[in-house]
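J.: Following this line is my_file-v8.txt, made up of compact mmCIF, C-alpha atoms:
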```txt
# COMPACT_ATOMS: atom_id res chain seq x y z
CA MET A 1 -15.15 14.82 51.54
CA ALA A 2 -11.54 15.94 51.19
CA GLY A 3 -10.92 15.11 54.84
CA VAL A 4 -9.80 18.66 55.60
CA LEU A 5 -12.61 19.53 58.04
CA PRO A 6 -14.51 17.23 60.41
CA PRO A 7 -18.21 16.90 59.53
CA THR A 8 -20.57 18.98 61.66
CA ALA A 9 -23.35 16.41 61.19
CA GLY A 10 -23.91 13.12 59.45
CA THR A 11 -21.17 10.98 57.94
CA VAL A 12 -18.94 11.13 54.89
CA LYS A 13 -17.54 7.90 53.48
CA VAL A 14 -15.00 7.61 50.68
CA ASP A 15 -14.37 4.15 49.26
CA GLY A 16 -16.20 2.75 52.30
CA ILE A 17 -14.01 4.62 54.82
CA ASP A 18 -15.57 7.05 57.29
CA ALA A 19 -13.79 10.41 57.04
CA ALA A 20 -14.26 11.04 60.76
CA ASP A 21 -12.80 7.68 61.79
CA ASP A 22 -9.77 7.66 59.48
CA PRO A 23 -9.22 11.05 57.81
CA ALA A 24 -5.68 10.15 56.71
CA ALA A 25 -6.93 7.11 54.79
CA VAL A 26 -9.61 9.24 53.14
CA ARG A 27 -7.11 11.93 52.12
CA ALA A 28 -4.93 9.24 50.54
CA ARG A 29 -7.87 8.27 48.32
CA VAL A 30 -8.91 11.79 47.33
CA GLY A 31 -7.45 14.09 44.70
CA LEU A 32 -8.19 17.75 45.44
CA MET A 33 -7.96 20.44 42.77
CA PRO A 34 -8.92 23.89 44.11
CA GLU A 35 -9.73 26.75 41.74
CA VAL A 36 -6.50 28.53 42.74
CA PRO A 37 -3.69 25.98 42.16
CA GLY A 38 -1.34 27.18 44.94
CA LEU A 39 1.83 25.85 43.31
CA TYR A 40 5.39 26.17 44.65
CA GLU A 41 6.72 28.80 42.26
CA ARG A 42 10.43 28.13 42.85
CA MET A 43 10.20 24.48 41.90
CA SER A 44 10.16 23.03 38.41
CA ALA A 45 6.98 21.29 37.32
CA ARG A 46 8.74 17.94 37.26
CA ASP A 47 10.27 18.34 40.75
CA TYR A 48 6.99 19.64 42.15
CA LEU A 49 5.05 16.64 40.88
CA ASP A 50 7.77 14.28 42.06
CA TYR A 51 7.55 15.85 45.53
CA PHE A 52 3.80 15.25 45.74
CA GLY A 53 4.16 11.79 44.25
CA ALA A 54 6.56 10.95 47.08
CA ILE A 55 4.05 12.27 49.63
CA TYR A 56 1.49 9.89 48.13
CA ASP A 57 4.07 7.11 48.48
CA ILE A 58 4.17 6.28 44.77
CA GLU A 59 7.13 4.04 43.95
CA PRO A 60 9.94 6.16 42.35
CA GLY A 61 10.01 4.37 39.00
CA LEU A 62 6.24 4.47 38.60
CA ARG A 63 6.20 8.08 39.79
CA LYS A 64 8.69 9.12 37.12
CA ARG A 65 6.74 7.33 34.37
CA ARG A 66 3.40 8.82 35.38
CA ILE A 67 4.83 12.33 35.58
CA SER A 68 6.41 12.03 32.13
CA GLU A 69 3.22 10.58 30.62
CA LEU A 70 0.99 13.28 32.09
CA LEU A 71 3.31 16.15 31.20
CA GLU A 72 3.29 14.80 27.65
CA LEU A 73 -0.50 14.40 27.65
CA PHE A 74 -1.03 18.00 28.71
CA GLU A 75 1.67 19.35 26.37
CA LEU A 76 3.97 20.41 29.21
CA ALA A 77 6.91 18.08 28.52
CA ASP A 78 9.09 20.87 27.11
CA ALA A 79 8.31 23.07 30.13
CA GLY A 80 8.80 20.35 32.75
CA ASP A 81 12.12 21.71 34.00
CA ARG A 82 11.01 25.34 34.17
CA TRP A 83 10.08 27.02 37.45
CA LEU A 84 6.35 27.06 38.04
CA GLY A 85 6.51 30.79 38.68
CA THR A 86 7.09 31.28 34.94
CA PHE A 87 3.99 29.31 33.94
CA SER A 88 0.83 30.87 32.50
CA LYS A 89 -2.50 30.48 34.28
CA GLY A 90 -3.54 27.68 31.96
CA MET A 91 -0.25 25.82 32.42
CA ARG A 92 -0.62 26.09 36.20
CA GLN A 93 -4.11 24.64 35.99
CA LYS A 94 -2.80 21.66 34.05
CA VAL A 95 -0.12 21.04 36.69
CA ALA A 96 -2.77 21.25 39.43
CA LEU A 97 -4.86 18.62 37.65
CA ILE A 98 -1.85 16.33 37.28
CA ARG A 99 -1.00 16.80 40.97
CA ALA A 100 -4.57 15.95 42.02
CA THR A 101 -4.66 12.73 40.01
CA LEU A 102 -1.05 11.52 40.06
CA HIS A 103 -1.79 8.89 42.73
CA ARG A 104 -4.87 7.57 40.88
CA PRO A 105 -7.36 8.59 43.58
CA ARG A 106 -10.73 6.96 44.13
CA LEU A 107 -12.38 10.39 44.26
CA VAL A 108 -11.46 13.64 42.51
CA LEU A 109 -12.82 16.93 43.87
CA ALA A 110 -12.24 19.70 41.33
CA ASP A 111 -13.28 23.36 41.39
CA GLU A 112 -13.43 24.88 37.88
CA PRO A 113 -10.82 22.42 36.54
CA THR A 114 -10.61 23.86 33.02
CA SER A 115 -11.60 27.52 33.47
CA ALA A 116 -8.18 28.78 32.28
CA LEU A 117 -7.72 26.31 29.43
CA ASP A 118 -8.20 26.81 25.71
CA PRO A 119 -10.85 24.61 24.05
CA ASP A 120 -8.37 21.97 22.86
CA SER A 121 -6.70 21.67 26.27
CA ALA A 122 -10.08 21.59 28.01
CA ARG A 123 -11.21 18.73 25.78
CA ARG A 124 -7.97 16.90 26.55
CA ALA A 125 -8.62 17.35 30.29
CA TRP A 126 -12.21 16.09 29.93
CA ASP A 127 -11.03 13.01 28.06
CA TYR A 128 -8.48 12.33 30.81
CA LEU A 129 -11.06 12.74 33.58
CA ASN A 130 -13.50 10.50 31.73
CA TYR A 131 -10.74 7.91 31.44
CA LEU A 132 -10.22 8.06 35.22
CA LYS A 133 -13.98 7.68 35.66
CA SER A 134 -13.95 4.59 33.45
CA GLU A 135 -11.25 3.16 35.74
CA GLY A 136 -13.51 3.51 38.78
CA CYS A 137 -12.68 7.03 39.98
CA ALA A 138 -15.63 9.17 41.13
CA LEU A 139 -15.72 12.83 40.07
CA VAL A 140 -17.27 15.72 42.00
CA ILE A 141 -16.83 18.89 39.99
CA CYS A 142 -17.93 22.47 40.57
CA THR A 143 -18.13 24.32 37.26
CA HIS A 144 -19.76 27.27 35.52
CA SER A 145 -19.20 25.56 32.16
CA MET A 146 -22.37 23.84 31.00
CA GLU A 147 -20.40 22.06 28.28
CA GLU A 148 -17.99 20.70 30.88
CA ALA A 149 -20.85 19.43 33.04
CA GLU A 150 -22.44 17.69 30.06
CA HIS A 151 -19.16 16.00 29.15
CA LEU A 152 -18.26 14.79 32.64
CA ALA A 153 -21.29 14.43 34.86
CA GLY A 154 -23.70 11.55 35.31
CA ASP A 155 -25.79 13.52 37.80
CA ILE A 156 -25.88 17.31 37.78
CA GLY A 157 -26.89 19.71 40.53
CA ILE A 158 -28.05 23.18 39.49
CA MET A 159 -27.40 25.83 42.12
CA SER A 160 -28.25 29.50 42.33
CA ALA A 161 -27.60 31.90 45.22
CA GLY A 162 -26.28 29.01 47.30
CA ARG A 163 -29.40 26.88 46.89
CA ALA A 164 -29.71 23.55 45.07
CA LEU A 165 -32.65 24.01 42.70
CA ALA A 166 -32.50 20.68 40.90
CA VAL A 167 -30.45 17.47 40.92
CA GLY A 168 -30.57 14.65 38.40
CA ASN A 169 -29.29 13.28 35.12
CA MET A 170 -29.83 15.15 31.86
CA ALA A 171 -33.12 13.37 31.10
CA ALA A 172 -34.55 14.24 34.53
CA LEU A 173 -33.39 17.85 34.29
CA ARG A 174 -34.93 18.22 30.83
CA ARG A 175 -38.28 17.07 32.25
CA ARG A 176 -37.89 19.41 35.23
CA SER A 177 -37.10 22.40 33.00
CA GLY A 178 -40.20 21.91 30.85
CA LEU A 179 -38.18 22.52 27.67
CA LYS A 180 -39.02 20.61 24.50
CA LYS A 181 -36.91 19.69 21.51
CA ARG A 182 -35.99 22.68 19.41
CA LYS A 183 -38.37 22.63 16.44
CA GLN A 184 -35.92 24.25 14.03
CA VAL A 185 -33.25 21.53 14.21
CA ARG A 186 -35.03 18.82 16.22
CA GLU A 187 -32.35 18.63 18.88
CA LEU A 188 -32.65 18.24 22.63
CA PRO A 189 -32.17 21.34 24.80
CA THR A 190 -28.64 21.76 26.09
CA LEU A 191 -27.69 21.98 29.76
CA GLN A 192 -27.28 25.74 29.23
CA ASP A 193 -30.94 25.93 28.16
CA ILE A 194 -32.01 23.76 31.10
CA TYR A 195 -30.04 25.83 33.63
CA LEU A 196 -31.55 29.10 32.41
CA ALA A 197 -35.05 27.62 32.42
CA ILE A 198 -34.79 26.17 35.95
CA VAL A 199 -33.16 29.25 37.47
CA GLY A 200 -35.57 31.54 35.62
CA ASN A 201 -38.60 29.53 36.76
CA HIS A 202 -37.33 29.54 40.35
CA TYR A 203 -37.02 33.33 40.50
CA ALA A 204 -40.28 33.87 38.63
CA LEU A 205 -42.04 31.72 41.24
CA ALA A 206 -40.31 33.59 44.08
CA GLU A 207 -41.42 36.95 42.66
CA THR A 208 -45.00 35.68 42.33
CA ARG A 209 -45.04 34.56 45.96
CA THR A 210 -43.76 37.91 47.23
CA ALA A 211 -46.04 39.99 45.02
```
How does the structure come out when it is put into structure tokens?

T.:
Amino acid sequence: MAGVLPPTAGTVKVDGIDAADDPAAVRARVGLMPEVPGLYERMSARDYLDYFGAIYDIEPGLRKRRISELLELFELADAGDRWLGTFSKGMRQKVALIRATLHRPRLVLADEPTSALDPDSARRAWDYLNYLKSEGCALVICTHSMEEAEHLAGDIGIMSAGRALAVGNMAALRRRSGLKKRKQVRELPTLQDIYLAIVGNHYALAETRTA
């Protein structure tokens, strides 16, 4: 989907464009945030983002405004002129998220986008990603955070040992898990509960079949 590798089978379309036919056009519409940010450590955050904004052909005035707004949003404005090599892991992750979304992509692919962030910063990132989603951006996120998945995802895929065990929205996954409302507080089971139930049921069934 990122347009990095040609598909081995089938087709991948982003915003109606076939990735095999026009990979450059697809890459221009995708924001990629890998788990390891891979920043240029001898550049300041502001210069680094400006460099990528230029690659995405964002007009200089708009580029400057977006960078300033996003550095402010993620509480990095005071560190904007520091070298990235001096940044903490959480600060680097924020810069990587800004880089991936600076050009307002149609699709964001993010691997563990808030794993290094404190709870307040993570919530800020979720709000920002939900805002992009409300503006028509699609999100595909790989995460170990059940809370993050609940906040961001419309459809959720539960994987274990490289296998997709269940895919659906929260209501469908609740039915699949077999969990009921908690009697003590009358609340619906969380995604954490659902994940443990589905994965546990899968391995219990596998053990029964091999017994």

J.: Could you pull the residues within 9 Å of segment 189-196 of chain A, counting all atoms listed in the file, minus those fewer than 3 positions along the same chain, as a list in words?

T.: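 Answer for this query is Ser145, Met146, Glu147, Ala149, Glu150, Ile158, Met159, Met170, Leu173, Arg174, Arg176, Ser177, Gly178, Leu179, Lys180, Lys181, Arg182, Val199, Gly200 and Asn201 of chain A.
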
J.: Using all atoms listed in the file, determine which residues lie at most 7 Å from Ile156 of chain A, disregarding the query and same-chain residues fewer than 3 positions distant; provide the list as a list in words.

T.: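 Everything that qualifies: Ala153, Val167, Gly168 and Asn169 of chain A.
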
J.: List the spatial neighbours of Trp126 of chain A as a JSON list (two decimals) with C-alpha atoms, in the frame of the given file - criterion: any atom at most 10 Å away, only C-alpha atoms, same-chain residues fewer than 6 positions off excluded.

T.:
```
[["chain", "number", "residue", "atom", "x", "y", "z"],
["A", 113, "PRO", "CA", -10.82, 22.42, 36.54],
["A", 114, "THR", "CA", -10.61, 23.86, 33.02],
["A", 120, "ASP", "CA", -8.37, 21.97, 22.86],
["A", 132, "LEU", "CA", -10.22, 8.06, 35.22],
["A", 148, "GLU", "CA", -17.99, 20.70, 30.88],
["A", 149, "ALA", "CA", -20.85, 19.43, 33.04],
["A", 151, "HIS", "CA", -19.16, 16.00, 29.15],
["A", 152, "LEU", "CA", -18.26, 14.79, 32.64]]
```

J.: So, with only C-alpha atoms as the atoms that count, which of A:Glu35, A:Glu59, A:Asp18, A:Glu69 lies closest to Lys89 of chain A?

T.: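 With only C-alpha atoms as the atom set, the closest residue is A:Glu35.
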
J.: Give me the residues near Gln93 of chain A as a list in words, where near means some atom within 10 Å (using all atoms listed in the file) and where sequence neighbours in that chain fewer than 5 positions away do not count.

T.: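 Near neighbours after the sequence-gap exclusion: Met33, Pro34, Glu35, Val36, Pro37, Gly38, Leu39, Phe87, Ser88, Ile98, Arg99, Glu112, Pro113, Thr114, Ser115, Ala116 and Leu117 of chain A.
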
J.: How would the residues just picked look written out with C-alpha atoms as a PDB file, in the coordinates of the input?

T.:
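Below is the file part_34.pdb, written as the result:
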```pdb
ATOM      1  CA  MET A  33      -7.960  20.440  42.770  1.00  0.00           C
ATOM      2  CA  PRO A  34      -8.920  23.890  44.110  1.00  0.00           C
ATOM      3  CA  GLU A  35      -9.730  26.750  41.740  1.00  0.00           C
ATOM      4  CA  VAL A  36      -6.500  28.530  42.740  1.00  0.00           C
ATOM      5  CA  PRO A  37      -3.690  25.980  42.160  1.00  0.00           C
ATOM      6  CA  GLY A  38      -1.340  27.180  44.940  1.00  0.00           C
ATOM      7  CA  LEU A  39       1.830  25.850  43.310  1.00  0.00           C
ATOM      8  CA  PHE A  87       3.990  29.310  33.940  1.00  0.00           C
ATOM      9  CA  SER A  88       0.830  30.870  32.500  1.00  0.00           C
ATOM     10  CA  ILE A  98      -1.850  16.330  37.280  1.00  0.00           C
ATOM     11  CA  ARG A  99      -1.000  16.800  40.970  1.00  0.00           C
ATOM     12  CA  GLU A 112     -13.430  24.880  37.880  1.00  0.00           C
ATOM     13  CA  PRO A 113     -10.820  22.420  36.540  1.00  0.00           C
ATOM     14  CA  THR A 114     -10.610  23.860  33.020  1.00  0.00           C
ATOM     15  CA  SER A 115     -11.600  27.520  33.470  1.00  0.00           C
ATOM     16  CA  ALA A 116      -8.180  28.780  32.280  1.00  0.00           C
ATOM     17  CA  LEU A 117      -7.720  26.310  29.430  1.00  0.00           C
TER      18      LEU A 117
END
```

J.: Hey, can you check how far atom CA of Ala125 of chain A sits from atom CA of Arg163 of chain A?

T.: 28.3 Å

J.: Could you check which of A:Ala2, A:Leu84, A:Ile67, A:Met43 is closest to Val26 of chain A, using all atoms listed in the file?

T.: A:Ala2

J.: Can you work out which one of A:Ile58, A:Ala171, A:Leu102, A:Met91 has the shortest atom-to-atom distance to Leu70 of chain A, counting only C-alpha atoms?

T.: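 Among the listed residues, the smallest separation from Leu70 of chain A belongs to A:Leu102.
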
J.: Which centre and which edge lengths, in Å to one decimal, describe the axis-aligned box that holds all listed atoms of segment 113-117 of chain A after 4 Å is added on each side, as JSON?

T.:
```
{"center_x": -9.7, "center_y": 25.6, "center_z": 33.0, "size_x": 11.9, "size_y": 14.4, "size_z": 15.1}
```

J.: In Å, how far is it from atom CA of Leu107 of chain A to atom CA of Asp155 of chain A?

T.: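 Between atom CA of Leu107 of chain A and atom CA of Asp155 of chain A the gap works out to 15.2 Å.
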
J.: Give me the residues near Arg66 of chain A as JSON, numbers by chain, where near means some atom within 12 Å (using all atoms listed in the file) and where sequence neighbours in that chain fewer than 5 positions away do not count.

T.: {"A": [46, 49, 50, 53, 58, 59, 60, 61, 71, 72, 73, 98, 99, 101, 102, 103, 104]}

J.: Based on the selection just made, write C-alpha atoms of those residues as a PDB file, in the frame of the given file.

T.:
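What ended up in again_2.pdb:
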```pdb
ATOM      1  CA  ARG A  46       8.740  17.940  37.260  1.00  0.00           C
ATOM      2  CA  LEU A  49       5.050  16.640  40.880  1.00  0.00           C
ATOM      3  CA  ASP A  50       7.770  14.280  42.060  1.00  0.00           C
ATOM      4  CA  GLY A  53       4.160  11.790  44.250  1.00  0.00           C
ATOM      5  CA  ILE A  58       4.170   6.280  44.770  1.00  0.00           C
ATOM      6  CA  GLU A  59       7.130   4.040  43.950  1.00  0.00           C
ATOM      7  CA  PRO A  60       9.940   6.160  42.350  1.00  0.00           C
ATOM      8  CA  GLY A  61      10.010   4.370  39.000  1.00  0.00           C
ATOM      9  CA  LEU A  71       3.310  16.150  31.200  1.00  0.00           C
ATOM     10  CA  GLU A  72       3.290  14.800  27.650  1.00  0.00           C
ATOM     11  CA  LEU A  73      -0.500  14.400  27.650  1.00  0.00           C
ATOM     12  CA  ILE A  98      -1.850  16.330  37.280  1.00  0.00           C
ATOM     13  CA  ARG A  99      -1.000  16.800  40.970  1.00  0.00           C
ATOM     14  CA  THR A 101      -4.660  12.730  40.010  1.00  0.00           C
ATOM     15  CA  LEU A 102      -1.050  11.520  40.060  1.00  0.00           C
ATOM     16  CA  HIS A 103      -1.790   8.890  42.730  1.00  0.00           C
ATOM     17  CA  ARG A 104      -4.870   7.570  40.880  1.00  0.00           C
TER      18      ARG A 104
END
```
